[in-house]
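Student: This is coords27.cif (mmCIF, C-alpha atoms and all ligand atoms).
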```cif
data_entry
loop_
_atom_site.label_atom_id
_atom_site.label_comp_id
_atom_site.auth_asym_id
_atom_site.auth_seq_id
_atom_site.Cartn_x
_atom_site.Cartn_y
_atom_site.Cartn_z
CA MET A 1 -14.70 -5.09 7.31
CA ILE A 2 -14.09 -1.60 5.98
CA ILE A 3 -16.56 0.73 4.38
CA VAL A 4 -15.13 3.05 1.73
CA MET A 5 -17.19 6.23 1.32
CA ARG A 6 -17.53 8.07 -1.97
CA PRO A 7 -15.35 11.21 -2.27
CA GLN A 8 -18.57 13.30 -2.24
CA ALA A 9 -20.06 11.60 0.84
CA THR A 10 -21.46 14.16 3.27
CA PRO A 11 -20.72 14.25 7.02
CA GLU A 12 -24.41 13.35 7.60
CA GLN A 13 -24.08 10.21 5.46
CA ILE A 14 -20.92 9.21 7.33
CA ASN A 15 -22.63 9.80 10.69
CA HIS A 16 -25.71 7.89 9.61
CA LEU A 17 -23.57 4.87 8.77
CA CYS A 18 -21.63 5.10 12.03
CA GLU A 19 -24.91 5.14 13.94
CA LYS A 20 -26.07 2.00 12.12
CA VAL A 21 -22.81 0.25 12.94
CA LYS A 22 -23.16 1.22 16.62
CA GLU A 23 -26.78 0.03 16.71
CA LEU A 24 -25.48 -3.43 15.85
CA GLY A 25 -23.14 -3.34 18.84
CA LEU A 26 -20.04 -2.70 16.70
CA THR A 27 -17.56 0.16 16.85
CA PRO A 28 -16.88 2.41 13.85
CA GLN A 29 -13.39 3.91 13.45
CA VAL A 30 -13.31 6.73 10.93
CA SER A 31 -10.20 7.51 8.89
CA ARG A 32 -10.51 10.76 6.95
CA GLY A 33 -8.04 10.67 4.06
CA VAL A 34 -7.28 13.37 1.53
CA GLN A 35 -9.47 11.69 -1.10
CA LYS A 36 -11.84 9.47 0.80
CA THR A 37 -13.21 8.64 4.19
CA ILE A 38 -12.95 5.04 5.28
CA ILE A 39 -14.88 3.50 8.17
CA GLY A 40 -13.33 0.51 9.88
CA VAL A 41 -15.81 -1.75 11.66
CA ILE A 42 -14.56 -3.31 14.89
CA GLY A 43 -16.29 -6.19 16.61
CA GLN A 44 -18.17 -9.29 15.58
CA GLU A 45 -18.66 -8.56 11.94
CA ASP A 46 -21.06 -11.37 11.20
CA LYS A 47 -23.77 -9.10 12.59
CA LEU A 48 -23.10 -6.73 9.71
CA ARG A 49 -23.24 -9.10 6.79
CA VAL A 50 -27.01 -9.22 6.95
CA LYS A 51 -27.17 -5.48 6.32
CA PRO A 52 -26.97 -4.35 2.72
CA LEU A 53 -24.39 -1.70 3.51
CA GLU A 54 -23.66 -0.90 -0.08
CA ALA A 55 -27.18 0.46 -0.38
CA PHE A 56 -26.50 3.20 2.15
CA PRO A 57 -26.16 6.67 0.64
CA GLY A 58 -22.55 7.79 0.20
CA VAL A 59 -21.07 4.27 0.27
CA GLU A 60 -18.69 3.38 -2.54
CA ALA A 61 -17.63 -0.12 -1.51
CA VAL A 62 -17.69 -2.54 1.39
CA LEU A 63 -14.56 -4.66 1.67
CA GLU A 64 -13.94 -7.73 3.74
CA ILE A 65 -10.45 -7.61 5.19
CA GLN A 66 -8.86 -11.03 5.36
CA LYS A 67 -5.92 -9.80 7.40
CA PRO A 68 -6.22 -10.20 11.16
CA TYR A 69 -5.14 -6.60 11.69
CA LYS A 70 -7.45 -4.02 10.29
CA LEU A 71 -6.88 -0.52 11.62
CA SER A 72 -3.10 -0.95 11.27
CA SER A 73 -3.40 -2.05 7.66
CA ARG A 74 -2.94 0.09 4.58
CA ASP A 75 -6.31 -1.12 3.32
CA PHE A 76 -7.93 0.89 6.09
CA LYS A 77 -5.66 3.92 5.71
CA PRO A 78 -3.80 4.13 2.40
CA GLU A 79 -1.83 7.28 3.35
CA SER A 80 1.15 6.86 5.65
CA THR A 81 0.51 8.11 9.17
CA GLU A 82 2.22 11.36 10.07
CA PHE A 83 1.81 13.39 13.22
CA GLU A 84 3.42 16.37 14.85
CA MET A 85 4.72 16.60 18.42
CA PRO A 86 4.21 19.71 20.58
CA ASN A 87 7.78 20.90 19.86
CA GLY A 88 7.09 20.80 16.11
CA VAL A 89 8.97 17.55 15.46
CA LYS A 90 7.16 15.47 12.85
CA VAL A 91 6.89 11.72 13.05
CA GLY A 92 6.36 9.67 9.89
CA GLY A 93 7.08 12.38 7.34
CA LYS A 94 9.90 12.93 4.87
CA LYS A 95 12.18 13.98 7.68
CA ILE A 96 13.84 11.13 9.59
CA VAL A 97 12.93 11.35 13.29
CA MET A 98 15.79 10.82 15.75
CA MET A 99 15.46 9.69 19.37
CA ALA A 100 18.59 9.56 21.49
CA GLY A 101 19.67 9.37 25.10
CA PRO A 102 20.96 7.03 27.75
CA CYS A 103 19.71 3.52 28.34
CA SER A 104 18.69 4.48 31.89
CA VAL A 105 18.30 7.81 33.61
CA GLU A 106 21.07 7.55 36.22
CA GLY A 107 20.89 11.03 37.69
CA ARG A 108 20.25 14.69 36.95
CA ASP A 109 23.77 15.65 35.91
CA MET A 110 24.37 12.94 33.36
CA LEU A 111 20.93 13.46 31.90
CA MET A 112 21.48 17.21 31.48
CA LYS A 113 24.80 16.51 29.76
CA THR A 114 23.19 13.93 27.48
CA ALA A 115 20.27 16.23 26.64
CA GLU A 116 22.75 18.91 25.58
CA ILE A 117 24.54 16.46 23.26
CA VAL A 118 21.18 15.36 21.86
CA LYS A 119 20.03 18.94 21.27
CA ASN A 120 23.33 20.06 19.73
CA ASN A 121 22.92 17.38 17.11
CA GLY A 122 19.46 18.53 16.06
CA VAL A 123 17.63 15.58 17.58
CA GLY A 124 13.97 16.03 18.58
CA PHE A 125 13.47 13.31 21.19
CA LEU A 126 15.30 12.57 24.43
CA ARG A 127 15.06 8.89 25.38
CA GLY A 128 15.97 7.27 28.70
CA GLY A 129 14.43 4.70 30.98
CA ALA A 130 13.12 5.59 34.42
CA PHE A 131 11.47 2.17 34.72
CA LYS A 132 13.83 -0.48 33.38
CA PRO A 133 12.92 -4.02 32.31
CA ARG A 134 16.04 -5.90 33.43
CA THR A 135 16.71 -9.59 32.92
CA SER A 136 18.07 -9.89 36.46
CA PRO A 137 16.11 -8.60 39.46
CA TYR A 138 19.44 -7.59 41.03
CA ASP A 139 20.31 -5.14 38.23
CA PHE A 140 19.48 -1.42 38.40
CA GLN A 141 15.72 -1.08 37.98
CA GLY A 142 15.58 2.65 37.24
CA LEU A 143 15.00 5.76 39.33
CA GLY A 144 11.21 5.69 38.90
CA GLU A 145 9.42 9.02 39.28
CA GLU A 146 12.65 10.80 40.17
CA GLY A 147 13.98 9.77 36.75
CA LEU A 148 10.83 11.03 35.06
CA LYS A 149 11.31 14.43 36.72
CA TYR A 150 14.88 14.67 35.38
CA LEU A 151 13.68 13.70 31.92
CA ARG A 152 11.02 16.42 31.95
CA GLU A 153 13.40 19.03 33.28
CA ALA A 154 16.15 18.23 30.75
CA ALA A 155 13.71 18.04 27.85
CA ASP A 156 12.10 21.36 28.76
CA LYS A 157 15.46 23.05 29.11
CA PHE A 158 16.52 22.00 25.60
CA GLY A 159 13.16 21.96 23.80
CA LEU A 160 13.11 18.19 23.42
CA MET A 161 10.34 15.61 23.62
CA VAL A 162 10.54 12.82 26.20
CA VAL A 163 10.08 9.20 25.13
CA THR A 164 10.29 6.77 28.03
CA GLU A 165 9.14 3.28 28.88
CA VAL A 166 6.05 2.38 30.85
CA MET A 167 6.07 -1.21 32.08
CA ASP A 168 2.91 -1.50 34.10
CA THR A 169 -0.75 -0.57 33.66
CA ARG A 170 -0.67 1.08 37.11
CA MET A 171 2.06 3.47 35.94
CA VAL A 172 0.55 4.70 32.67
CA GLU A 173 -1.02 7.77 34.22
CA LEU A 174 2.17 8.67 36.11
CA VAL A 175 4.47 8.22 33.10
CA ALA A 176 2.05 10.12 30.83
CA ARG A 177 2.24 13.07 33.22
CA TYR A 178 5.96 13.50 32.44
CA ALA A 179 6.42 11.92 29.02
CA ASP A 180 5.45 13.16 25.56
CA MET A 181 5.54 9.65 24.12
CA LEU A 182 5.00 6.35 25.94
CA GLN A 183 7.37 3.52 25.10
CA ILE A 184 6.18 -0.08 25.29
CA GLY A 185 9.28 -2.22 25.47
CA ALA A 186 10.05 -5.43 23.60
CA ARG A 187 9.31 -7.54 26.66
CA ASN A 188 5.87 -6.00 26.98
CA MET A 189 4.81 -6.06 23.34
CA GLN A 190 2.16 -8.63 24.16
CA ASN A 191 1.16 -7.27 27.55
CA PHE A 192 -2.38 -6.82 26.34
CA ASP A 193 -3.65 -4.96 29.38
CA LEU A 194 -0.79 -2.47 29.03
CA LEU A 195 -1.59 -2.06 25.34
CA LYS A 196 -5.24 -1.34 26.13
CA GLU A 197 -4.31 1.18 28.82
CA CYS A 198 -1.82 2.96 26.54
CA GLY A 199 -4.42 2.93 23.77
CA MET A 200 -6.60 5.06 26.02
CA ALA A 201 -3.79 7.40 27.13
CA LYS A 202 -3.62 10.79 25.51
CA ARG A 203 -0.02 10.28 24.40
CA PRO A 204 1.57 8.86 21.27
CA VAL A 205 3.05 5.39 21.74
CA LEU A 206 6.34 3.86 20.59
CA LEU A 207 5.74 0.12 20.33
CA LYS A 208 8.87 -2.04 20.20
CA ARG A 209 8.86 -5.44 18.53
CA GLY A 210 9.11 -8.36 20.92
CA LEU A 211 12.27 -10.48 20.99
CA SER A 212 10.54 -13.37 19.27
CA ALA A 213 7.50 -11.67 17.80
CA THR A 214 6.53 -11.96 14.16
CA ILE A 215 5.63 -8.88 12.13
CA LYS A 216 2.01 -10.03 12.19
CA GLU A 217 2.09 -10.17 16.00
CA LEU A 218 3.64 -6.69 16.14
CA LEU A 219 0.86 -5.31 13.93
CA LEU A 220 -1.77 -7.07 16.05
CA SER A 221 -0.30 -5.45 19.16
CA ALA A 222 -0.51 -2.09 17.37
CA GLU A 223 -4.12 -3.00 16.60
CA TYR A 224 -4.83 -3.06 20.35
CA LEU A 225 -3.66 0.56 20.60
CA LEU A 226 -5.53 1.71 17.50
CA SER A 227 -8.74 -0.06 18.47
CA LYS A 228 -8.77 1.97 21.68
CA GLY A 229 -8.66 5.14 19.59
CA ASN A 230 -4.94 5.99 19.75
CA PHE A 231 -3.70 6.56 16.21
CA LYS A 232 -0.40 8.20 17.06
CA ILE A 233 1.64 5.01 17.03
CA VAL A 234 5.24 4.41 15.99
CA LEU A 235 6.56 0.89 15.53
CA CYS A 236 10.15 0.00 16.36
CA GLU A 237 12.28 -2.81 14.97
CA ARG A 238 14.84 -3.47 17.69
CA GLY A 239 16.18 -6.84 16.68
CA ILE A 240 14.88 -10.32 17.20
CA ARG A 241 16.46 -13.37 18.76
CA THR A 242 18.10 -15.74 16.30
CA PHE A 243 20.77 -18.47 16.54
CA GLU A 244 23.43 -15.79 15.96
CA THR A 245 25.50 -14.88 19.03
CA ALA A 246 27.98 -12.36 17.55
CA THR A 247 25.47 -9.59 18.19
CA ARG A 248 22.96 -9.11 20.99
CA ASN A 249 20.02 -9.46 18.59
CA THR A 250 19.54 -9.62 14.83
CA ILE A 251 18.01 -6.55 13.22
CA ASP A 252 15.34 -7.69 10.81
CA ILE A 253 15.84 -5.26 7.94
CA ASN A 254 13.16 -7.16 6.02
CA ALA A 255 10.61 -5.94 8.53
CA ILE A 256 10.94 -2.37 7.24
CA PRO A 257 9.64 -2.87 3.67
CA VAL A 258 7.16 -5.49 4.87
CA ILE A 259 5.66 -3.13 7.45
CA LYS A 260 5.73 -0.22 4.99
CA ARG A 261 3.64 -2.24 2.58
CA GLU A 262 1.28 -3.79 5.12
CA SER A 263 0.74 -0.81 7.37
CA HIS A 264 0.39 2.97 7.34
CA LEU A 265 2.20 3.28 10.67
CA PRO A 266 5.68 4.80 10.85
CA ILE A 267 8.52 2.44 11.69
CA ILE A 268 11.81 3.34 13.31
CA VAL A 269 14.84 1.16 14.06
CA ASP A 270 16.86 0.82 17.26
CA PRO A 271 20.33 -0.38 16.20
CA SER A 272 21.73 -0.01 19.74
CA HIS A 273 19.62 -2.82 21.20
CA GLY A 274 19.63 -4.50 17.79
CA THR A 275 23.40 -5.05 17.80
CA GLY A 276 24.50 -4.49 21.39
CA VAL A 277 27.85 -3.27 20.06
CA ARG A 278 28.62 0.43 19.55
CA ALA A 279 30.90 -0.27 16.55
CA TYR A 280 28.07 -1.89 14.58
CA VAL A 281 25.43 0.74 15.28
CA PRO A 282 26.31 3.21 12.45
CA ALA A 283 26.20 0.57 9.71
CA ILE A 284 22.80 -0.68 10.85
CA ALA A 285 21.40 2.83 11.31
CA LYS A 286 22.38 3.59 7.71
CA ALA A 287 20.97 0.31 6.44
CA ALA A 288 17.69 1.08 8.20
CA ILE A 289 17.31 4.48 6.57
CA ALA A 290 18.29 3.07 3.19
CA ALA A 291 15.59 0.42 3.62
CA GLY A 292 12.92 3.05 4.28
CA ALA A 293 12.78 3.44 8.06
CA ASP A 294 11.21 6.68 9.33
CA GLY A 295 13.59 7.16 12.22
CA ILE A 296 16.36 5.89 14.46
CA MET A 297 16.49 5.42 18.20
CA THR A 298 19.96 5.17 19.65
CA GLU A 299 21.70 5.17 23.02
CA VAL A 300 24.06 8.02 23.87
CA HIS A 301 25.91 8.51 27.17
CA PRO A 302 28.34 11.24 28.26
CA ASN A 303 30.63 8.51 29.59
CA PRO A 304 29.66 5.01 28.43
CA GLU A 305 32.43 3.37 30.51
CA GLU A 306 30.51 4.45 33.60
CA ALA A 307 27.02 3.64 32.37
CA TRP A 308 24.81 1.64 34.73
CA SER A 309 23.29 -0.25 31.80
CA ASP A 310 24.13 -0.86 28.12
CA GLY A 311 27.45 1.06 28.13
CA PRO A 312 28.98 -1.12 25.36
CA GLN A 313 26.26 -0.10 22.88
CA SER A 314 26.08 3.60 23.85
CA PHE A 315 27.75 6.34 21.80
CA ARG A 316 30.07 8.99 23.19
CA ALA A 317 29.27 12.58 22.14
CA GLU A 318 31.77 12.69 19.26
CA GLU A 319 30.70 9.28 17.92
CA PHE A 320 27.09 10.37 17.95
CA HIS A 321 28.02 13.58 16.12
CA ALA A 322 29.81 11.55 13.43
CA LEU A 323 26.78 9.27 13.07
CA MET A 324 24.47 12.25 12.60
CA ASP A 325 26.76 13.62 9.85
CA ASP A 326 26.75 10.28 8.07
CA LEU A 327 22.99 9.88 8.38
CA ARG A 328 22.40 13.35 6.98
CA HIS A 329 24.25 12.41 3.79
CA LEU A 330 22.56 9.08 3.54
CA ALA A 331 19.09 10.53 4.11
CA LYS A 332 19.61 12.95 1.23
CA ALA A 333 20.71 10.11 -1.06
CA VAL A 334 17.42 8.29 -0.48
CA GLY A 335 15.22 11.36 -0.78
CA ARG A 336 14.72 12.00 2.94
CA ASP A 337 15.78 14.86 5.25
CA LEU A 338 17.33 14.65 8.64
C1 LIG B 1 14.94 0.43 25.83
O1 LIG B 1 14.79 0.97 24.73
O2 LIG B 1 15.24 1.06 26.85
C2 LIG B 1 14.77 -1.03 25.95
C3 LIG B 1 14.75 -1.64 27.13
O3 LIG B 1 14.65 -1.64 24.76
P1 LIG B 1 13.90 -3.03 24.39
O4 LIG B 1 12.56 -2.98 25.03
O5 LIG B 1 13.87 -2.98 22.89
O6 LIG B 1 14.78 -4.13 24.90
MN MN B 2 19.30 -0.11 26.81
#
```
Step by step, read the file and then write its structure as structure tokens.
Tutor:
Amino acid sequence: MIIVMRPQATPEQINHLCEKVKELGLTPQVSRGVQKTIIGVIGQEDKLRVKPLEAFPGVEAVLEIQKPYKLSSRDFKPESTEFEMPNGVKVGGKKIVMMAGPCSVEGRDMLMKTAEIVKNNGVGFLRGGAFKPRTSPYDFQGLGEEGLKYLREAADKFGLMVVTEVMDTRMVELVARYADMLQIGARNMQNFDLLKECGMAKRPVLLKRGLSATIKELLLSAEYLLSKGNFKIVLCERGIRTFETATRNTIDINAIPVIKRESHLPIIVDPSHGTGVRAYVPAIAKAAIAAGADGIMTEVHPNPEEAWSDGPQSFRAEEFHALMDDLRHLAKAVGRDL
């Protein structure tokens, strides 16, 4: 259920209503828009139906939301979510947000080199895994805290923001100490304890779509984060598993307009994991922006031939530079900046 307040509703009226909601054992989530304030009611709503909420002063309408996700829906927050990172980079606005870096942090040197490439191309976020979800337990699992230290050092040197994956509830506090944005990977999209923990962390979260998750499931996972009070969430379409084997995954371009209509949350696309093939990444990155995506995450490595993971889908410096040039033109054509 959501309660839409009148444009003239006073802070006292809004508080009064929130108190009533709490008295019934429910949680109010307040969204203050430009025009109106909306109160989302979380919990067992049947307790509320007995209350004539529309009679409360300042209330314009009380709407039942049929959708299973509430706080992630545009009904709750009609304006698209935008937020600014400490280095001034905006997420969710007119400007396309770029996140780039290696698949895994392999060492200090390669990360410094990558961060320089990233910075020289005007990118705001440095990505790279210090904790890696690998299909085989014998593959490189990441450098752990040592990797986080390199990420922080490289990002600080070049004025970048760190986005890196956290795989385990026990690591949220550690990763949040070094990272500016927590990444929840595809394989953990429905790790509900991790979602709850990240929802309570004081860091924005990048939530990647699971390999076989529907859009509804992705939005419900986002709902876990929002219902814990974290509203700085970015969704990421990174390809889903289909019968097609020519590419690593199949990027679901449809997901972009669907999510844009259903939700206020920004959505970015990861064409590196989506295709698994460097040569296909530019076409899909362009398609994503043309379809309305708010950003692109891509893998870049100073020497992909030597990469410890995902070399075949990682760009060399000059290829990344060419992509950025292309994307700049494309962004302009669809009324965005880059
Ligand atoms: C990653 O971005 O490092 C990653 C492992 O991606 P995904 O979770 O989408 O597979
Ligand atoms: Mn990777």
Student: Taking all atoms listed in the file and a cut-off of 7 Å, can you tell me which residues surround ligand MN 2 (chain B), written as a ChimeraX atom specification?
Tutor: /A:103-104,273,299,309-310
Student: Can I get the residues close to ligand LIG 1 (chain B) as JSON, numbers by chain, where close means within 9 Å and we count all atoms listed in the file?
Tutor: {"A": [102, 103, 104, 127, 128, 129, 131, 132, 133, 134, 164, 165, 183, 184, 185, 186, 187, 188, 189, 207, 208, 209, 210, 211, 236, 237, 238, 239, 270, 272, 273, 274, 297, 298, 299]}
Student: How big is the axis-aligned box around the listed atoms of range 218-224 of chain A once 5 Å is added on each side, and where is its centre? Give both in Å to one decimal, as lines of an AutoDock Vina configuration file.
Tutor:
```
center_x = -0.6
center_y = -4.6
center_z = 17.1
size_x = 18.5
size_y = 15.0
size_z = 16.4
```
Student: As a list in words, please: the residues near Leu71 in chain A (cut-off 10 Å, all atoms listed in the file, same-chain neighbours under 2 positions excluded).
Tutor: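 Surrounding residues, per the criterion: Ile2, Gln29, Val30, Ser31, Ile39, Gly40, Val41, Ile42, Pro68, Tyr69, Ser73, Arg74, Asp75, Phe76, Lys77, Leu219, Leu220, Ala222, Glu223, Tyr224, Leu225, Leu226, Ser227, Gly229, Phe231, Ser263, His264 and Leu265 of chain A.
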Student: Store the residues picked out above in a file with C-alpha atoms, as an mmCIF file, in the coordinates of the input.
Tutor:
```cif
data_model
loop_
_atom_site.group_PDB
_atom_site.id
_atom_site.type_symbol
_atom_site.label_atom_id
_atom_site.label_comp_id
_atom_site.auth_asym_id
_atom_site.auth_seq_id
_atom_site.Cartn_x
_atom_site.Cartn_y
_atom_site.Cartn_z
ATOM 1 C CA ILE A 2 -14.090 -1.600 5.980
ATOM 2 C CA GLN A 29 -13.390 3.910 13.450
ATOM 3 C CA VAL A 30 -13.310 6.730 10.930
ATOM 4 C CA SER A 31 -10.200 7.510 8.890
ATOM 5 C CA ILE A 39 -14.880 3.500 8.170
ATOM 6 C CA GLY A 40 -13.330 0.510 9.880
ATOM 7 C CA VAL A 41 -15.810 -1.750 11.660
ATOM 8 C CA ILE A 42 -14.560 -3.310 14.890
ATOM 9 C CA PRO A 68 -6.220 -10.200 11.160
ATOM 10 C CA TYR A 69 -5.140 -6.600 11.690
ATOM 11 C CA SER A 73 -3.400 -2.050 7.660
ATOM 12 C CA ARG A 74 -2.940 0.090 4.580
ATOM 13 C CA ASP A 75 -6.310 -1.120 3.320
ATOM 14 C CA PHE A 76 -7.930 0.890 6.090
ATOM 15 C CA LYS A 77 -5.660 3.920 5.710
ATOM 16 C CA LEU A 219 0.860 -5.310 13.930
ATOM 17 C CA LEU A 220 -1.770 -7.070 16.050
ATOM 18 C CA ALA A 222 -0.510 -2.090 17.370
ATOM 19 C CA GLU A 223 -4.120 -3.000 16.600
ATOM 20 C CA TYR A 224 -4.830 -3.060 20.350
ATOM 21 C CA LEU A 225 -3.660 0.560 20.600
ATOM 22 C CA LEU A 226 -5.530 1.710 17.500
ATOM 23 C CA SER A 227 -8.740 -0.060 18.470
ATOM 24 C CA GLY A 229 -8.660 5.140 19.590
ATOM 25 C CA PHE A 231 -3.700 6.560 16.210
ATOM 26 C CA SER A 263 0.740 -0.810 7.370
ATOM 27 C CA HIS A 264 0.390 2.970 7.340
ATOM 28 C CA LEU A 265 2.200 3.280 10.670
#
```
Student: Give me, as an NGL selection string, all polymer residues having an atom no more than 9 Å from Leu24 in chain A, counting only C-alpha atoms and skipping those fewer than 5 positions away in the same chain.
Tutor: :A and (19 or 47-48)
Student: Might you pull out every residue within 7 Å of range 58-63 of chain A, with only C-alpha atoms counted and same-chain residues fewer than 3 positions away left off, and present them as a list of chain:residue names?
Tutor: A:Met1, A:Ile2, A:Ile3, A:Val4, A:Met5, A:Arg6, A:Ala9, A:Gln13, A:Glu54
Student: Those same residues, written as a PDB file, in the coordinates of the input with C-alpha atoms?
Tutor:
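As written to disk, part_16.pdb reads:
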```
ATOM      1  CA  MET A   1     -14.700  -5.090   7.310  1.00  0.00           C
ATOM      2  CA  ILE A   2     -14.090  -1.600   5.980  1.00  0.00           C
ATOM      3  CA  ILE A   3     -16.560   0.730   4.380  1.00  0.00           C
ATOM      4  CA  VAL A   4     -15.130   3.050   1.730  1.00  0.00           C
ATOM      5  CA  MET A   5     -17.190   6.230   1.320  1.00  0.00           C
ATOM      6  CA  ARG A   6     -17.530   8.070  -1.970  1.00  0.00           C
ATOM      7  CA  ALA A   9     -20.060  11.600   0.840  1.00  0.00           C
ATOM      8  CA  GLN A  13     -24.080  10.210   5.460  1.00  0.00           C
ATOM      9  CA  GLU A  54     -23.660  -0.900  -0.080  1.00  0.00           C
TER      10      GLU A  54
END
```
Student: Per residue of range 10-112 of chain A within 10 Å of range 136-149 of chain A, what are the shortest atom pair and its distance in Å to one decimal, counting all atoms listed in the file, with rows by chain and residue number, as a tab-separated table?
Tutor:
```
residue	atom	partner	partner_atom	distance
A:Cys103	CA	A:Gly142	CA	9.9
A:Ser104	CA	A:Gly142	CA	6.5
A:Val105	CA	A:Gly147	CA	5.7
A:Glu106	CA	A:Leu143	CA	7.1
A:Gly107	CA	A:Gly147	CA	7.1
A:Arg108	CA	A:Gly147	CA	8.0
A:Leu111	CA	A:Gly147	CA	9.2
```
Student: Starting from the sparse input, extend range 199-219 of chain A to N, CA and C atoms and give the output as a PDB file, in the frame of the given file.
Tutor:
```pdb
ATOM      1  N   GLY A 199      -3.523   2.545  24.869  1.00  0.00           N
ATOM      2  CA  GLY A 199      -4.420   2.930  23.770  1.00  0.00           C
ATOM      3  C   GLY A 199      -5.394   4.008  24.206  1.00  0.00           C
ATOM      4  N   MET A 200      -5.652   4.058  25.513  1.00  0.00           N
ATOM      5  CA  MET A 200      -6.600   5.060  26.020  1.00  0.00           C
ATOM      6  C   MET A 200      -5.879   6.316  26.525  1.00  0.00           C
ATOM      7  N   ALA A 201      -4.551   6.240  26.626  1.00  0.00           N
ATOM      8  CA  ALA A 201      -3.790   7.400  27.130  1.00  0.00           C
ATOM      9  C   ALA A 201      -3.732   8.471  26.055  1.00  0.00           C
ATOM     10  N   LYS A 202      -3.650   9.704  26.484  1.00  0.00           N
ATOM     11  CA  LYS A 202      -3.620  10.790  25.510  1.00  0.00           C
ATOM     12  C   LYS A 202      -2.169  11.127  25.122  1.00  0.00           C
ATOM     13  N   ARG A 203      -1.422  10.102  24.809  1.00  0.00           N
ATOM     14  CA  ARG A 203      -0.020  10.280  24.400  1.00  0.00           C
ATOM     15  C   ARG A 203       0.282   9.340  23.243  1.00  0.00           C
ATOM     16  N   PRO A 204       1.115   9.800  22.297  1.00  0.00           N
ATOM     17  CA  PRO A 204       1.570   8.860  21.270  1.00  0.00           C
ATOM     18  C   PRO A 204       2.342   7.708  21.900  1.00  0.00           C
ATOM     19  N   VAL A 205       2.399   6.589  21.190  1.00  0.00           N
ATOM     20  CA  VAL A 205       3.050   5.390  21.740  1.00  0.00           C
ATOM     21  C   VAL A 205       4.117   4.870  20.774  1.00  0.00           C
ATOM     22  N   LEU A 206       5.279   4.551  21.329  1.00  0.00           N
ATOM     23  CA  LEU A 206       6.340   3.860  20.590  1.00  0.00           C
ATOM     24  C   LEU A 206       6.253   2.391  20.996  1.00  0.00           C
ATOM     25  N   LEU A 207       5.931   1.547  20.040  1.00  0.00           N
ATOM     26  CA  LEU A 207       5.740   0.120  20.330  1.00  0.00           C
ATOM     27  C   LEU A 207       6.909  -0.670  19.755  1.00  0.00           C
ATOM     28  N   LYS A 208       7.697  -1.284  20.652  1.00  0.00           N
ATOM     29  CA  LYS A 208       8.870  -2.040  20.200  1.00  0.00           C
ATOM     30  C   LYS A 208       8.498  -3.490  19.925  1.00  0.00           C
ATOM     31  N   ARG A 209       9.132  -4.043  18.903  1.00  0.00           N
ATOM     32  CA  ARG A 209       8.860  -5.440  18.530  1.00  0.00           C
ATOM     33  C   ARG A 209       9.429  -6.383  19.583  1.00  0.00           C
ATOM     34  N   GLY A 210       8.666  -7.379  19.938  1.00  0.00           N
ATOM     35  CA  GLY A 210       9.110  -8.360  20.920  1.00  0.00           C
ATOM     36  C   GLY A 210      10.293  -9.182  20.404  1.00  0.00           C
ATOM     37  N   LEU A 211      11.049  -9.736  21.336  1.00  0.00           N
ATOM     38  CA  LEU A 211      12.270 -10.480  20.990  1.00  0.00           C
ATOM     39  C   LEU A 211      12.011 -11.644  20.039  1.00  0.00           C
ATOM     40  N   SER A 212      10.832 -12.240  20.160  1.00  0.00           N
ATOM     41  CA  SER A 212      10.540 -13.370  19.270  1.00  0.00           C
ATOM     42  C   SER A 212       9.159 -13.198  18.644  1.00  0.00           C
ATOM     43  N   ALA A 213       8.820 -11.941  18.386  1.00  0.00           N
ATOM     44  CA  ALA A 213       7.500 -11.670  17.800  1.00  0.00           C
ATOM     45  C   ALA A 213       7.597 -11.587  16.280  1.00  0.00           C
ATOM     46  N   THR A 214       6.597 -12.103  15.612  1.00  0.00           N
ATOM     47  CA  THR A 214       6.530 -11.960  14.160  1.00  0.00           C
ATOM     48  C   THR A 214       5.994 -10.555  13.829  1.00  0.00           C
ATOM     49  N   ILE A 215       6.139 -10.178  12.573  1.00  0.00           N
ATOM     50  CA  ILE A 215       5.630  -8.880  12.130  1.00  0.00           C
ATOM     51  C   ILE A 215       4.103  -8.844  12.315  1.00  0.00           C
ATOM     52  N   LYS A 216       3.469  -9.962  12.030  1.00  0.00           N
ATOM     53  CA  LYS A 216       2.010 -10.030  12.190  1.00  0.00           C
ATOM     54  C   LYS A 216       1.624  -9.787  13.658  1.00  0.00           C
ATOM     55  N   GLU A 217       2.388 -10.377  14.571  1.00  0.00           N
ATOM     56  CA  GLU A 217       2.090 -10.170  16.000  1.00  0.00           C
ATOM     57  C   GLU A 217       2.324  -8.713  16.407  1.00  0.00           C
ATOM     58  N   LEU A 218       3.373  -8.103  15.844  1.00  0.00           N
ATOM     59  CA  LEU A 218       3.640  -6.690  16.140  1.00  0.00           C
ATOM     60  C   LEU A 218       2.452  -5.831  15.666  1.00  0.00           C
ATOM     61  N   LEU A 219       1.976  -6.105  14.462  1.00  0.00           N
ATOM     62  CA  LEU A 219       0.860  -5.310  13.930  1.00  0.00           C
ATOM     63  C   LEU A 219      -0.436  -5.586  14.716  1.00  0.00           C
TER      64      LEU A 219
END
```
